[in-house]
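K.L.:
Structure file structure-v8.cif (mmCIF, C-alpha atoms and all ligand atoms) right here:
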```
data_query
loop_
_atom_site.label_atom_id
_atom_site.label_comp_id
_atom_site.auth_asym_id
_atom_site.auth_seq_id
_atom_site.Cartn_x
_atom_site.Cartn_y
_atom_site.Cartn_z
CA MET A 1 -169.94 21.52 32.54
CA LYS A 2 -169.73 17.75 32.57
CA THR A 3 -167.92 15.85 35.30
CA VAL A 4 -166.20 12.54 34.58
CA TYR A 5 -166.18 10.30 37.62
CA SER A 6 -165.54 6.60 38.24
CA PRO A 7 -166.55 4.72 41.39
CA ASP A 8 -163.41 2.63 40.83
CA HIS A 9 -161.40 5.33 42.62
CA ALA A 10 -162.51 3.76 45.91
CA ALA A 11 -160.51 0.60 45.12
CA HIS A 12 -157.43 2.60 46.12
CA ALA A 13 -157.39 3.13 49.86
CA GLY A 14 -153.93 3.15 51.38
CA HIS A 15 -153.64 2.37 55.05
CA TRP A 16 -150.86 4.60 56.33
CA GLU A 17 -148.47 7.39 55.57
CA VAL A 18 -145.59 8.67 57.66
CA ALA A 19 -146.08 12.14 59.14
CA ARG A 20 -144.00 13.69 61.88
CA GLY A 21 -142.29 10.36 62.45
CA ALA A 22 -145.48 8.43 63.01
CA MET A 23 -147.73 6.21 60.93
CA VAL A 24 -150.98 8.11 60.43
CA PRO A 25 -154.05 7.28 58.32
CA CYS A 26 -153.63 8.44 54.70
CA PHE A 27 -154.82 11.99 54.07
CA GLU A 28 -155.57 11.01 50.47
CA LYS A 29 -158.68 8.87 51.04
CA PRO A 30 -161.79 7.84 49.07
CA ILE A 31 -164.23 10.17 50.85
CA ARG A 32 -162.49 13.12 49.15
CA ALA A 33 -163.85 12.22 45.73
CA GLU A 34 -167.27 11.39 47.15
CA TYR A 35 -167.59 14.84 48.75
CA VAL A 36 -166.62 16.54 45.51
CA ARG A 37 -169.06 14.39 43.55
CA ALA A 38 -171.84 15.20 46.06
CA ARG A 39 -171.18 18.92 45.66
CA VAL A 40 -171.26 18.65 41.86
CA GLU A 41 -174.75 17.17 42.21
CA GLU A 42 -175.85 19.65 44.86
CA VAL A 43 -175.09 22.72 42.74
CA GLY A 44 -176.28 21.08 39.51
CA LEU A 45 -172.94 21.69 37.77
CA GLY A 46 -173.94 19.34 34.96
CA GLU A 47 -174.12 15.72 33.97
CA ILE A 48 -171.84 13.23 35.71
CA VAL A 49 -170.58 10.60 33.28
CA LEU A 50 -168.45 7.48 33.58
CA PRO A 51 -165.09 7.37 31.81
CA LYS A 52 -164.49 5.32 28.68
CA VAL A 53 -161.85 2.62 28.95
CA TRP A 54 -158.64 3.89 27.29
CA SER A 55 -155.49 2.16 26.15
CA MET A 56 -152.13 3.02 27.74
CA GLU A 57 -150.81 4.43 24.45
CA THR A 58 -150.84 8.10 25.51
CA ALA A 59 -149.56 7.35 29.01
CA ARG A 60 -146.55 5.59 27.46
CA LYS A 61 -145.56 8.90 25.83
CA VAL A 62 -145.18 10.68 29.18
CA HIS A 63 -144.20 7.76 31.44
CA ASP A 64 -141.54 5.05 31.06
CA PRO A 65 -143.41 1.91 29.88
CA ALA A 66 -141.37 -0.16 32.36
CA TYR A 67 -142.65 2.06 35.19
CA LEU A 68 -146.25 1.60 34.03
CA ALA A 69 -145.71 -2.16 33.89
CA PHE A 70 -144.35 -2.05 37.44
CA LEU A 71 -147.50 -0.23 38.63
CA GLY A 72 -149.64 -2.94 37.10
CA LYS A 73 -147.84 -5.81 38.84
CA ALA A 74 -146.56 -4.26 42.09
CA TRP A 75 -149.40 -5.44 44.33
CA ASP A 76 -149.20 -9.02 43.11
CA MET A 77 -145.44 -9.09 43.73
CA TRP A 78 -145.94 -7.59 47.18
CA ALA A 79 -148.77 -9.97 48.10
CA ALA A 80 -146.76 -12.94 46.83
CA GLU A 81 -144.35 -12.29 49.69
CA GLY A 82 -147.18 -12.69 52.19
CA ASN A 83 -147.85 -8.99 52.77
CA HIS A 84 -151.36 -7.76 53.49
CA THR A 85 -151.06 -4.03 54.28
CA SER A 86 -150.10 -1.30 51.79
CA ALA A 87 -146.85 -1.66 49.87
CA LEU A 88 -144.48 1.20 50.71
CA PRO A 89 -140.91 1.91 49.58
CA MET A 90 -138.16 2.35 52.17
CA THR A 91 -134.88 2.60 50.19
CA TRP A 92 -134.10 5.07 47.41
CA PRO A 93 -131.25 5.40 44.87
CA VAL A 94 -130.08 8.81 46.06
CA ARG A 95 -126.74 10.49 45.22
CA GLY A 96 -123.94 7.94 45.35
CA LEU A 97 -126.11 4.91 44.69
CA ARG A 98 -126.77 3.34 41.29
CA ASN A 99 -130.05 3.95 39.52
CA ASP A 100 -129.21 2.21 36.27
CA VAL A 101 -129.85 -1.36 37.37
CA PRO A 102 -133.52 -2.06 38.16
CA PRO A 103 -133.84 -4.41 41.14
CA GLU A 104 -135.63 -7.72 40.65
CA CYS A 105 -137.53 -7.82 43.96
CA ILE A 106 -140.58 -5.82 44.95
CA GLU A 107 -138.95 -3.97 47.85
CA GLY A 108 -136.17 -2.75 45.56
CA LEU A 109 -138.56 -1.88 42.75
CA LEU A 110 -140.75 0.19 45.08
CA GLY A 111 -137.76 2.41 45.88
CA PHE A 112 -136.50 2.45 42.28
CA TYR A 113 -139.85 3.75 40.99
CA SER A 114 -140.74 6.28 43.71
CA MET A 115 -139.71 9.63 45.16
CA ASP A 116 -141.15 9.08 48.65
CA ALA A 117 -143.29 6.76 50.77
CA GLY A 118 -146.44 8.76 50.07
CA ALA A 119 -147.88 6.59 47.32
CA SER A 120 -148.90 3.32 48.91
CA ILE A 121 -150.03 0.45 46.72
CA THR A 122 -152.95 -1.76 47.73
CA ALA A 123 -154.84 -4.56 45.99
CA GLY A 124 -157.11 -2.08 44.21
CA THR A 125 -154.58 0.64 43.45
CA TRP A 126 -153.99 -0.20 39.78
CA LYS A 127 -157.74 -0.34 39.07
CA ALA A 128 -158.21 3.11 40.62
CA VAL A 129 -155.11 4.59 38.96
CA LYS A 130 -156.26 3.38 35.55
CA ALA A 131 -159.80 4.72 36.12
CA SER A 132 -158.35 8.06 37.22
CA MET A 133 -156.39 8.34 33.98
CA ASP A 134 -159.49 7.29 32.03
CA CYS A 135 -161.42 10.13 33.70
CA ALA A 136 -158.81 12.65 32.54
CA LEU A 137 -158.80 11.34 28.96
CA THR A 138 -162.59 11.14 28.74
CA ALA A 139 -162.94 14.71 30.02
CA ALA A 140 -160.23 15.81 27.55
CA GLU A 141 -162.24 14.24 24.75
CA ILE A 142 -165.33 16.18 25.85
CA VAL A 143 -163.32 19.41 25.62
CA ALA A 144 -161.84 18.43 22.24
CA GLY A 145 -165.39 17.76 21.10
CA GLY A 146 -166.28 21.42 21.56
CA ALA A 147 -167.25 21.85 25.22
CA ARG A 148 -165.90 25.02 26.79
CA ALA A 149 -164.73 23.00 29.81
CA ALA A 150 -164.96 19.64 31.55
CA PHE A 151 -164.05 18.36 35.00
CA ALA A 152 -162.08 15.15 35.48
CA LEU A 153 -162.77 14.09 39.06
CA CYS A 154 -159.54 12.14 39.25
CA ARG A 155 -158.52 10.10 42.25
CA PRO A 156 -155.76 9.22 42.98
CA PRO A 157 -154.19 12.55 41.97
CA GLY A 158 -151.27 12.77 39.53
CA HIS A 159 -149.05 15.84 39.53
CA HIS A 160 -146.18 14.50 41.68
CA SER A 161 -145.79 11.46 39.43
CA GLY A 162 -142.91 11.88 37.00
CA PRO A 163 -141.62 9.99 33.95
CA ALA A 164 -140.68 6.92 36.00
CA PHE A 165 -141.76 7.44 39.57
CA MET A 166 -144.74 7.63 41.91
CA GLY A 167 -144.95 9.72 45.08
CA GLY A 168 -146.98 12.32 46.93
CA TYR A 169 -150.16 10.16 46.58
CA CYS A 170 -149.69 10.09 42.79
CA PHE A 171 -149.08 7.24 40.31
CA ILE A 172 -150.01 8.30 36.76
CA ASN A 173 -149.78 12.00 35.93
CA ASN A 174 -153.35 12.47 34.73
CA ALA A 175 -152.93 16.12 33.68
CA SER A 176 -149.80 15.29 31.68
CA VAL A 177 -151.47 12.37 29.92
CA ALA A 178 -154.38 14.66 29.00
CA ALA A 179 -152.01 17.40 27.77
CA GLN A 180 -150.16 14.85 25.61
CA TRP A 181 -153.49 13.64 24.22
CA PHE A 182 -154.49 17.20 23.24
CA ARG A 183 -151.15 17.48 21.42
CA ASP A 184 -151.75 14.22 19.60
CA GLN A 185 -155.20 15.49 18.60
CA GLY A 186 -153.61 18.48 16.88
CA ALA A 187 -153.44 21.23 19.50
CA ALA A 188 -150.11 22.88 18.67
CA ARG A 189 -149.60 24.37 22.11
CA VAL A 190 -151.01 23.32 25.48
CA ALA A 191 -150.62 25.05 28.84
CA ILE A 192 -150.82 23.31 32.20
CA LEU A 193 -151.72 25.59 35.07
CA ASP A 194 -151.03 23.86 38.39
CA VAL A 195 -152.77 25.58 41.32
CA ASP A 196 -152.35 22.77 43.87
CA TYR A 197 -150.59 23.88 47.07
CA HIS A 198 -147.67 21.56 46.31
CA HIS A 199 -145.33 22.04 43.38
CA GLY A 200 -146.27 19.67 40.54
CA ASN A 201 -142.77 18.29 40.22
CA GLY A 202 -143.85 15.37 38.06
CA THR A 203 -145.55 17.57 35.48
CA GLN A 204 -142.59 19.95 35.35
CA ASP A 205 -140.20 17.02 34.95
CA ILE A 206 -142.21 15.42 32.14
CA PHE A 207 -142.35 18.56 29.98
CA TYR A 208 -139.16 20.33 31.08
CA GLU A 209 -137.36 19.94 27.75
CA ARG A 210 -140.40 20.37 25.54
CA GLY A 211 -141.46 23.57 23.81
CA ASP A 212 -145.00 22.43 23.01
CA VAL A 213 -146.38 22.21 26.55
CA PHE A 214 -146.06 25.21 28.86
CA VAL A 215 -146.15 24.46 32.60
CA ALA A 216 -146.91 27.05 35.30
CA ASN A 217 -146.93 26.22 39.02
CA ILE A 218 -148.14 28.30 41.99
CA HIS A 219 -147.15 26.60 45.23
CA GLY A 220 -145.60 26.57 48.68
CA ASP A 221 -141.91 27.48 48.45
CA PRO A 222 -139.93 24.21 48.23
CA LYS A 223 -137.31 25.68 50.57
CA THR A 224 -139.77 24.92 53.37
CA GLU A 225 -142.47 22.83 51.76
CA TYR A 226 -142.98 19.44 50.12
CA PRO A 227 -141.70 18.27 47.61
CA TYR A 228 -138.57 20.25 48.72
CA PHE A 229 -136.38 19.33 45.74
CA LEU A 230 -138.07 21.07 42.79
CA GLY A 231 -140.21 24.14 42.24
CA HIS A 232 -137.76 27.05 42.58
CA ALA A 233 -138.19 30.24 40.58
CA ASP A 234 -135.00 29.69 38.56
CA GLU A 235 -136.38 26.55 36.87
CA THR A 236 -137.39 27.89 33.45
CA GLY A 237 -137.10 24.86 31.18
CA ARG A 238 -134.21 23.38 29.21
CA GLY A 239 -133.29 22.92 25.55
CA ALA A 240 -136.40 23.18 23.39
CA GLY A 241 -138.33 23.79 26.61
CA GLU A 242 -136.32 26.84 27.69
CA GLY A 243 -138.80 29.53 28.72
CA CYS A 244 -141.72 27.08 28.80
CA ASN A 245 -141.71 26.47 32.56
CA VAL A 246 -142.50 29.00 35.25
CA ASN A 247 -142.67 28.64 39.03
CA TYR A 248 -144.27 30.95 41.57
CA PRO A 249 -143.06 29.71 44.97
CA LEU A 250 -144.91 31.54 47.74
CA PRO A 251 -144.34 31.65 51.52
CA PHE A 252 -146.42 30.16 54.32
CA GLY A 253 -149.52 32.21 55.04
CA THR A 254 -150.03 33.46 51.48
CA ALA A 255 -153.62 34.66 51.03
CA TRP A 256 -155.68 35.57 47.96
CA ASP A 257 -154.30 39.12 47.64
CA THR A 258 -150.82 37.78 46.85
CA TRP A 259 -151.79 34.37 45.46
CA SER A 260 -154.04 35.99 42.84
CA LEU A 261 -151.13 38.10 41.54
CA ALA A 262 -149.25 34.89 40.77
CA LEU A 263 -152.34 33.54 39.03
CA ASP A 264 -152.58 36.70 36.93
CA ALA A 265 -148.92 36.35 35.97
CA ALA A 266 -149.28 32.64 35.18
CA CYS A 267 -152.35 33.31 33.02
CA ASP A 268 -150.54 36.10 31.17
CA ARG A 269 -147.64 33.74 30.47
CA ALA A 270 -149.97 30.99 29.22
CA GLU A 271 -151.60 33.52 26.91
CA ALA A 272 -148.27 34.83 25.62
CA PHE A 273 -147.20 31.22 24.97
CA GLY A 274 -150.16 30.90 22.64
CA ALA A 275 -151.86 28.01 24.41
CA GLU A 276 -154.84 26.64 22.50
CA VAL A 277 -156.00 24.49 25.41
CA ILE A 278 -155.64 24.95 29.17
CA VAL A 279 -155.25 22.00 31.53
CA VAL A 280 -155.74 23.01 35.16
CA SER A 281 -154.21 20.79 37.84
CA LEU A 282 -156.88 21.67 40.37
CA GLY A 283 -155.81 21.07 43.95
CA VAL A 284 -157.67 22.84 46.72
CA ASP A 285 -155.09 22.24 49.46
CA THR A 286 -154.45 26.01 49.27
CA PHE A 287 -157.46 26.31 51.60
CA GLU A 288 -156.83 28.00 54.95
CA ARG A 289 -157.91 24.96 56.96
CA ASP A 290 -156.10 22.30 54.91
CA PRO A 291 -154.48 19.91 57.42
CA ILE A 292 -151.12 19.55 55.60
CA SER A 293 -150.73 22.94 53.91
CA ALA A 294 -150.14 26.55 54.91
CA PHE A 295 -151.77 29.00 52.48
CA LYS A 296 -154.78 31.05 53.54
CA LEU A 297 -157.24 30.90 50.67
CA LYS A 298 -160.87 31.17 51.72
CA THR A 299 -163.92 29.44 50.28
CA ALA A 300 -164.99 32.72 48.64
CA ASP A 301 -161.67 32.85 46.74
CA TYR A 302 -162.22 29.68 44.70
CA PRO A 303 -164.92 31.10 42.38
CA LYS A 304 -162.60 34.05 41.74
CA MET A 305 -159.90 31.58 40.71
CA GLY A 306 -162.28 29.97 38.23
CA ALA A 307 -163.37 33.35 36.86
CA ARG A 308 -159.74 34.39 36.23
CA ILE A 309 -159.01 31.17 34.35
CA ALA A 310 -162.21 31.63 32.31
CA LYS A 311 -160.92 35.06 31.20
CA LEU A 312 -158.31 33.24 29.12
CA GLY A 313 -161.19 32.28 26.86
CA LYS A 314 -159.68 28.90 25.99
CA PRO A 315 -161.10 25.37 26.08
CA THR A 316 -160.27 24.21 29.60
CA LEU A 317 -159.86 20.82 31.23
CA PHE A 318 -159.94 20.72 35.03
CA VAL A 319 -158.09 17.74 36.51
CA PHE A 320 -158.59 17.14 40.22
CA GLU A 321 -155.42 16.90 42.33
CA GLY A 322 -155.01 17.49 46.10
CA GLY A 323 -157.08 18.96 48.94
CA TYR A 324 -157.41 17.34 52.34
CA ALA A 325 -159.83 19.49 54.33
CA VAL A 326 -162.53 17.02 53.40
CA ASP A 327 -165.50 18.89 54.90
CA GLU A 328 -164.88 21.82 52.58
CA ILE A 329 -163.25 20.02 49.65
CA GLY A 330 -166.45 19.85 47.59
CA VAL A 331 -167.48 23.45 48.11
CA ASN A 332 -163.99 24.72 47.27
CA ALA A 333 -163.28 22.52 44.22
CA VAL A 334 -166.72 23.03 42.72
CA GLY A 335 -166.47 26.73 43.59
CA VAL A 336 -163.68 27.02 41.02
CA LEU A 337 -165.88 25.39 38.40
CA THR A 338 -168.98 27.51 39.05
CA GLY A 339 -166.75 30.61 39.13
CA PHE A 340 -165.38 29.57 35.73
CA GLU A 341 -168.89 29.24 34.32
CA GLY A 342 -169.77 32.72 35.62
C1 LIG B 1 -151.44 15.57 45.44
C2 LIG B 1 -150.91 16.16 46.71
O1 LIG B 1 -151.43 17.17 47.18
N1 LIG B 1 -149.92 15.50 47.32
C3 LIG B 1 -149.36 16.01 48.52
C4 LIG B 1 -148.36 15.08 49.14
C5 LIG B 1 -147.82 15.65 50.40
N2 LIG B 1 -147.08 14.68 51.12
C6 LIG B 1 -146.22 15.16 52.16
C7 LIG B 1 -146.95 15.91 53.20
C8 LIG B 1 -146.00 16.48 54.21
C9 LIG B 1 -146.82 17.20 55.23
N3 LIG B 1 -146.00 17.92 56.14
C10 LIG B 1 -146.81 18.67 57.07
C11 LIG B 1 -146.04 19.79 57.64
C12 LIG B 1 -146.89 21.03 57.67
N4 LIG B 1 -146.10 22.18 57.41
ZN ZN B 2 -151.10 19.14 47.01
#
```
If you took the structure in this file and wrote it as structure tokens, what would it be?
Ligand code: SP5
Ligand code: ZN

P.N.:
Amino acid sequence: MKTVYSPDHAAHAGHWEVARGAMVPCFEKPIRAEYVRARVEEVGLGEIVLPKVWSMETARKVHDPAYLAFLGKAWDMWAAEGNHTSALPMTWPVRGLRNDVPPECIEGLLGFYSMDAGASITAGTWKAVKASMDCALTAAEIVAGGARAAFALCRPPGHHSGPAFMGGYCFINNASVAAQWFRDQGAARVAILDVDYHHGNGTQDIFYERGDVFVANIHGDPKTEYPYFLGHADETGRGAGEGCNVNYPLPFGTAWDTWSLALDAACDRAEAFGAEVIVVSLGVDTFERDPISAFKLKTADYPKMGARIAKLGKPTLFVFEGGYAVDEIGVNAVGVLTGFEG
């Protein structure tokens, strides 16, 4: 299968994130995408192509246009105040505070448009975020053009980003933009299968009240795992979307024997939904040696994951999300893709 990759991802390189009360170097760093790209070449997965440059039209259907405008100007506003290191939010409109009056200063806007301090903005962030979305859309177009599958090597990732907020290393929800694009191209029903270790709260949020895009998530139980405030099993969709969302929260230490049962169930649900296209939010932070996660998937499990998804027999777009064990990130991510190809 083809891989869509842009070197522009490297323009986004945050300095710090907060972990265990300390500033530590960002786990989500440029070398991740380079290792995956190198592995794609090593196994001869297929051609690696650059993304086309897309308009923001589709993104504006899943994100608030004002939020997208904020992303485009945040660094300039931050730098105008004499700042040189990554822009990070520090104040959020939680319960009891107002969230109906957008602030007019960058520090306020950072909190208004974020869920945490995990998505730092640097001088090159917008360029990378836009290229990441372009990778997803270009790979979607390859699938719509008749390919059985394509791989969008997106960086930064997207699945924590919701209608009007960034967070969890994510800015634009690449998988959601791609799913929306498939809908606009005439696919009546699209399924998003999110296998990243963390619940894809942004994707769930975006499609929660829609009956045309089914969202399934397999992830660390939010009772004890980031993002903590979404991803429980009783979240099944609302209104027209009732029954079109399913969560499989799993405990620390979950290995392939149990994880794969959730994948089977999620695939069955996507099939029953009548999905014409599958979008996979492909995070490999389920790996046993991932530095911020706690599942126990092994390298040999990733091809099995790909093979199970292939059994759906549907055109499939893989969108890269998380995975922080950088030494193994390429082998594991590309393992899913070679397993899919059989
Ligand atoms: C795309 C993606 O994978 N984003 C993940 C963002 C996670 N950010 C918070 C990480 C908190 C890590 N806590 C470590 C405790 C280990 N149990
Ligand atoms: Zn993750």

K.L.:
Scan for residues within 7 Å of the point (-159.5, 19.5, 38.9) in the coordinates of the file, using all atoms listed in the file, and reply as a list in words.

P.N.:
Phe151, Ala152, Leu153, Val280, Ser281, Leu282, Gly283, Phe318, Val319, Phe320 and Glu321 of chain A

K.L.:
Keeping only C-alpha atoms, take the residues you just selected and write them out as a CSV table (one decimal), in the coordinates of the input.

P.N.:
```csv
chain,number,residue,atom,x,y,z
A,151,PHE,CA,-164.0,18.4,35.0
A,152,ALA,CA,-162.1,15.2,35.5
A,153,LEU,CA,-162.8,14.1,39.1
A,280,VAL,CA,-155.7,23.0,35.2
A,281,SER,CA,-154.2,20.8,37.8
A,282,LEU,CA,-156.9,21.7,40.4
A,283,GLY,CA,-155.8,21.1,44.0
A,318,PHE,CA,-159.9,20.7,35.0
A,319,VAL,CA,-158.1,17.7,36.5
A,320,PHE,CA,-158.6,17.1,40.2
A,321,GLU,CA,-155.4,16.9,42.3
```

K.L.:
Compile the contact shell of range 3-5 of chain A as a CSV table (one decimal) with C-alpha atoms, in the frame of the given file: residues with an atom at most 12 Å away, counting all atoms listed in the file, same-chain residues fewer than 3 positions apart removed.

P.N.:
```
chain,number,residue,atom,x,y,z
A,8,ASP,CA,-163.4,2.6,40.8
A,9,HIS,CA,-161.4,5.3,42.6
A,10,ALA,CA,-162.5,3.8,45.9
A,33,ALA,CA,-163.8,12.2,45.7
A,34,GLU,CA,-167.3,11.4,47.2
A,36,VAL,CA,-166.6,16.5,45.5
A,37,ARG,CA,-169.1,14.4,43.6
A,38,ALA,CA,-171.8,15.2,46.1
A,39,ARG,CA,-171.2,18.9,45.7
A,40,VAL,CA,-171.3,18.6,41.9
A,41,GLU,CA,-174.8,17.2,42.2
A,44,GLY,CA,-176.3,21.1,39.5
A,45,LEU,CA,-172.9,21.7,37.8
A,46,GLY,CA,-173.9,19.3,35.0
A,47,GLU,CA,-174.1,15.7,34.0
A,48,ILE,CA,-171.8,13.2,35.7
A,49,VAL,CA,-170.6,10.6,33.3
A,50,LEU,CA,-168.4,7.5,33.6
A,51,PRO,CA,-165.1,7.4,31.8
A,52,LYS,CA,-164.5,5.3,28.7
A,128,ALA,CA,-158.2,3.1,40.6
A,131,ALA,CA,-159.8,4.7,36.1
A,132,SER,CA,-158.4,8.1,37.2
A,133,MET,CA,-156.4,8.3,34.0
A,134,ASP,CA,-159.5,7.3,32.0
A,135,CYS,CA,-161.4,10.1,33.7
A,136,ALA,CA,-158.8,12.6,32.5
A,137,LEU,CA,-158.8,11.3,29.0
A,138,THR,CA,-162.6,11.1,28.7
A,139,ALA,CA,-162.9,14.7,30.0
A,140,ALA,CA,-160.2,15.8,27.6
A,141,GLU,CA,-162.2,14.2,24.8
A,142,ILE,CA,-165.3,16.2,25.8
A,143,VAL,CA,-163.3,19.4,25.6
A,147,ALA,CA,-167.2,21.8,25.2
A,149,ALA,CA,-164.7,23.0,29.8
A,150,ALA,CA,-165.0,19.6,31.6
A,151,PHE,CA,-164.0,18.4,35.0
A,152,ALA,CA,-162.1,15.2,35.5
A,153,LEU,CA,-162.8,14.1,39.1
A,154,CYS,CA,-159.5,12.1,39.2
A,155,ARG,CA,-158.5,10.1,42.2
A,156,PRO,CA,-155.8,9.2,43.0
A,317,LEU,CA,-159.9,20.8,31.2
A,318,PHE,CA,-159.9,20.7,35.0
A,319,VAL,CA,-158.1,17.7,36.5
A,320,PHE,CA,-158.6,17.1,40.2
A,334,VAL,CA,-166.7,23.0,42.7
A,337,LEU,CA,-165.9,25.4,38.4
```

K.L.:
Would you kindly return, as an NGL selection string, each protein, DNA or RNA residue with an atom no farther than 9 Å from any atom of Met77 in chain A, considering all atoms listed in the file and excluding same-chain residues fewer than 3 positions away?

P.N.:
:A and (73-74 or 80-81 or 105-106)

K.L.:
Between CA of Pro315 in chain A and CA of Val53 in chain A, what distance in Å does the model show, to one decimal?

P.N.:
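Going from CA of Pro315 in chain A over to CA of Val53 in chain A, I get 22.9 Å.
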
K.L.:
Taking only C-alpha atoms into account, name the residue in A:Ile278, A:Ala59, A:Ala22, A:Ala119 that is nearest to Phe165 in chain A.

P.N.:
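Comparing A:Ile278, A:Ala59, A:Ala22, A:Ala119 against Phe165 in chain A, the winner is A:Ala119.
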
K.L.:
Please find the residues contacting ligand ZN 2 (chain B) at a distance of at most 9 Å between atoms, with only C-alpha atoms and all ligand atoms counted, and report them as a list in words.

P.N.:
Pro157, His159, His160, Gly168, Val195, Asp196, Tyr197, His198, His199, Gly200, His219, Tyr226, Gly283, Val284, Asp285, Thr286, Ile292, Ser293, Glu321, Gly322, Gly323 and Tyr324 of chain A

K.L.:
Those residues you just picked out, can you put them in a file as an mmCIF file, in the coordinates of the input with C-alpha atoms?

P.N.:
```cif
data_model
loop_
_atom_site.group_PDB
_atom_site.id
_atom_site.type_symbol
_atom_site.label_atom_id
_atom_site.label_comp_id
_atom_site.auth_asym_id
_atom_site.auth_seq_id
_atom_site.Cartn_x
_atom_site.Cartn_y
_atom_site.Cartn_z
ATOM 1 C CA PRO A 157 -154.190 12.550 41.970
ATOM 2 C CA HIS A 159 -149.050 15.840 39.530
ATOM 3 C CA HIS A 160 -146.180 14.500 41.680
ATOM 4 C CA GLY A 168 -146.980 12.320 46.930
ATOM 5 C CA VAL A 195 -152.770 25.580 41.320
ATOM 6 C CA ASP A 196 -152.350 22.770 43.870
ATOM 7 C CA TYR A 197 -150.590 23.880 47.070
ATOM 8 C CA HIS A 198 -147.670 21.560 46.310
ATOM 9 C CA HIS A 199 -145.330 22.040 43.380
ATOM 10 C CA GLY A 200 -146.270 19.670 40.540
ATOM 11 C CA HIS A 219 -147.150 26.600 45.230
ATOM 12 C CA TYR A 226 -142.980 19.440 50.120
ATOM 13 C CA GLY A 283 -155.810 21.070 43.950
ATOM 14 C CA VAL A 284 -157.670 22.840 46.720
ATOM 15 C CA ASP A 285 -155.090 22.240 49.460
ATOM 16 C CA THR A 286 -154.450 26.010 49.270
ATOM 17 C CA ILE A 292 -151.120 19.550 55.600
ATOM 18 C CA SER A 293 -150.730 22.940 53.910
ATOM 19 C CA GLU A 321 -155.420 16.900 42.330
ATOM 20 C CA GLY A 322 -155.010 17.490 46.100
ATOM 21 C CA GLY A 323 -157.080 18.960 48.940
ATOM 22 C CA TYR A 324 -157.410 17.340 52.340
#
```

K.L.:
When you count all atoms listed in the file, which of these residues is closest to ligand LIG 1 (chain B): A:Ala19, A:Leu312, A:Val43, A:Val336?

P.N.:
A:Ala19

K.L.:
How many Å lie between CA of Glu42 in chain A and CA of Thr316 in chain A, rounded to one decimal?

P.N.:
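CA of Thr316 in chain A lies at a distance of 22.3 Å from CA of Glu42 in chain A.
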
K.L.:
Specify the axis-aligned box that encloses all atoms of ligand LIG 1 (chain B) listed in the file after padding of 4 Å on each side, stating its centre and edge lengths in Å to one decimal as lines of an AutoDock Vina configuration file.

P.N.:
```
center_x = -148.7
center_y = 18.4
center_z = 51.6
size_x = 13.4
size_y = 15.5
size_z = 20.2
```

K.L.:
Find, counting all atoms listed in the file, the residue in A:Ala325, A:Ile309, A:Ala255, A:Ala164 that gets nearest to ligand LIG 1 (chain B).

P.N.:
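Smallest separation from ligand LIG 1 (chain B) among the options: A:Ala325.
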
K.L.:
Please compute the CA of Thr85 in chain A-CA of His15 in chain A distance, one decimal, in Å.

P.N.:
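These two atoms are separated by 6.9 Å.
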
K.L.:
Quick one: of A:Leu297, A:Ile218, A:Met166, A:Ala233, who's nearest to Leu263 in chain A, counting only C-alpha atoms?

P.N.:
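Distance minimum relative to Leu263 in chain A lands on A:Ile218.
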
K.L.:
Using all atoms listed in the file, which of A:Gly72, A:Gly124, A:Pro227, A:Gly96 sits nearest ligand LIG 1 (chain B)?

P.N.:
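Selected residue with least distance to ligand LIG 1 (chain B): A:Pro227.
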
K.L.:
I need the residue nearest ligand LIG 1 (chain B) from this list: A:Asp221, A:Asp64, A:Asp257, A:Glu235. Use all atoms listed in the file for the distance.

P.N.:
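Counting all atoms listed in the file, the residue closest to ligand LIG 1 (chain B) is A:Asp221.
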
K.L.:
Near Gly335 in chain A, counting only C-alpha atoms, which residues have an atom at most 9 Å away, once you skip same-chain residues fewer than 3 positions from it, shown as number ranges by chain?

P.N.:
A: 299-306, 330-332, 338-340
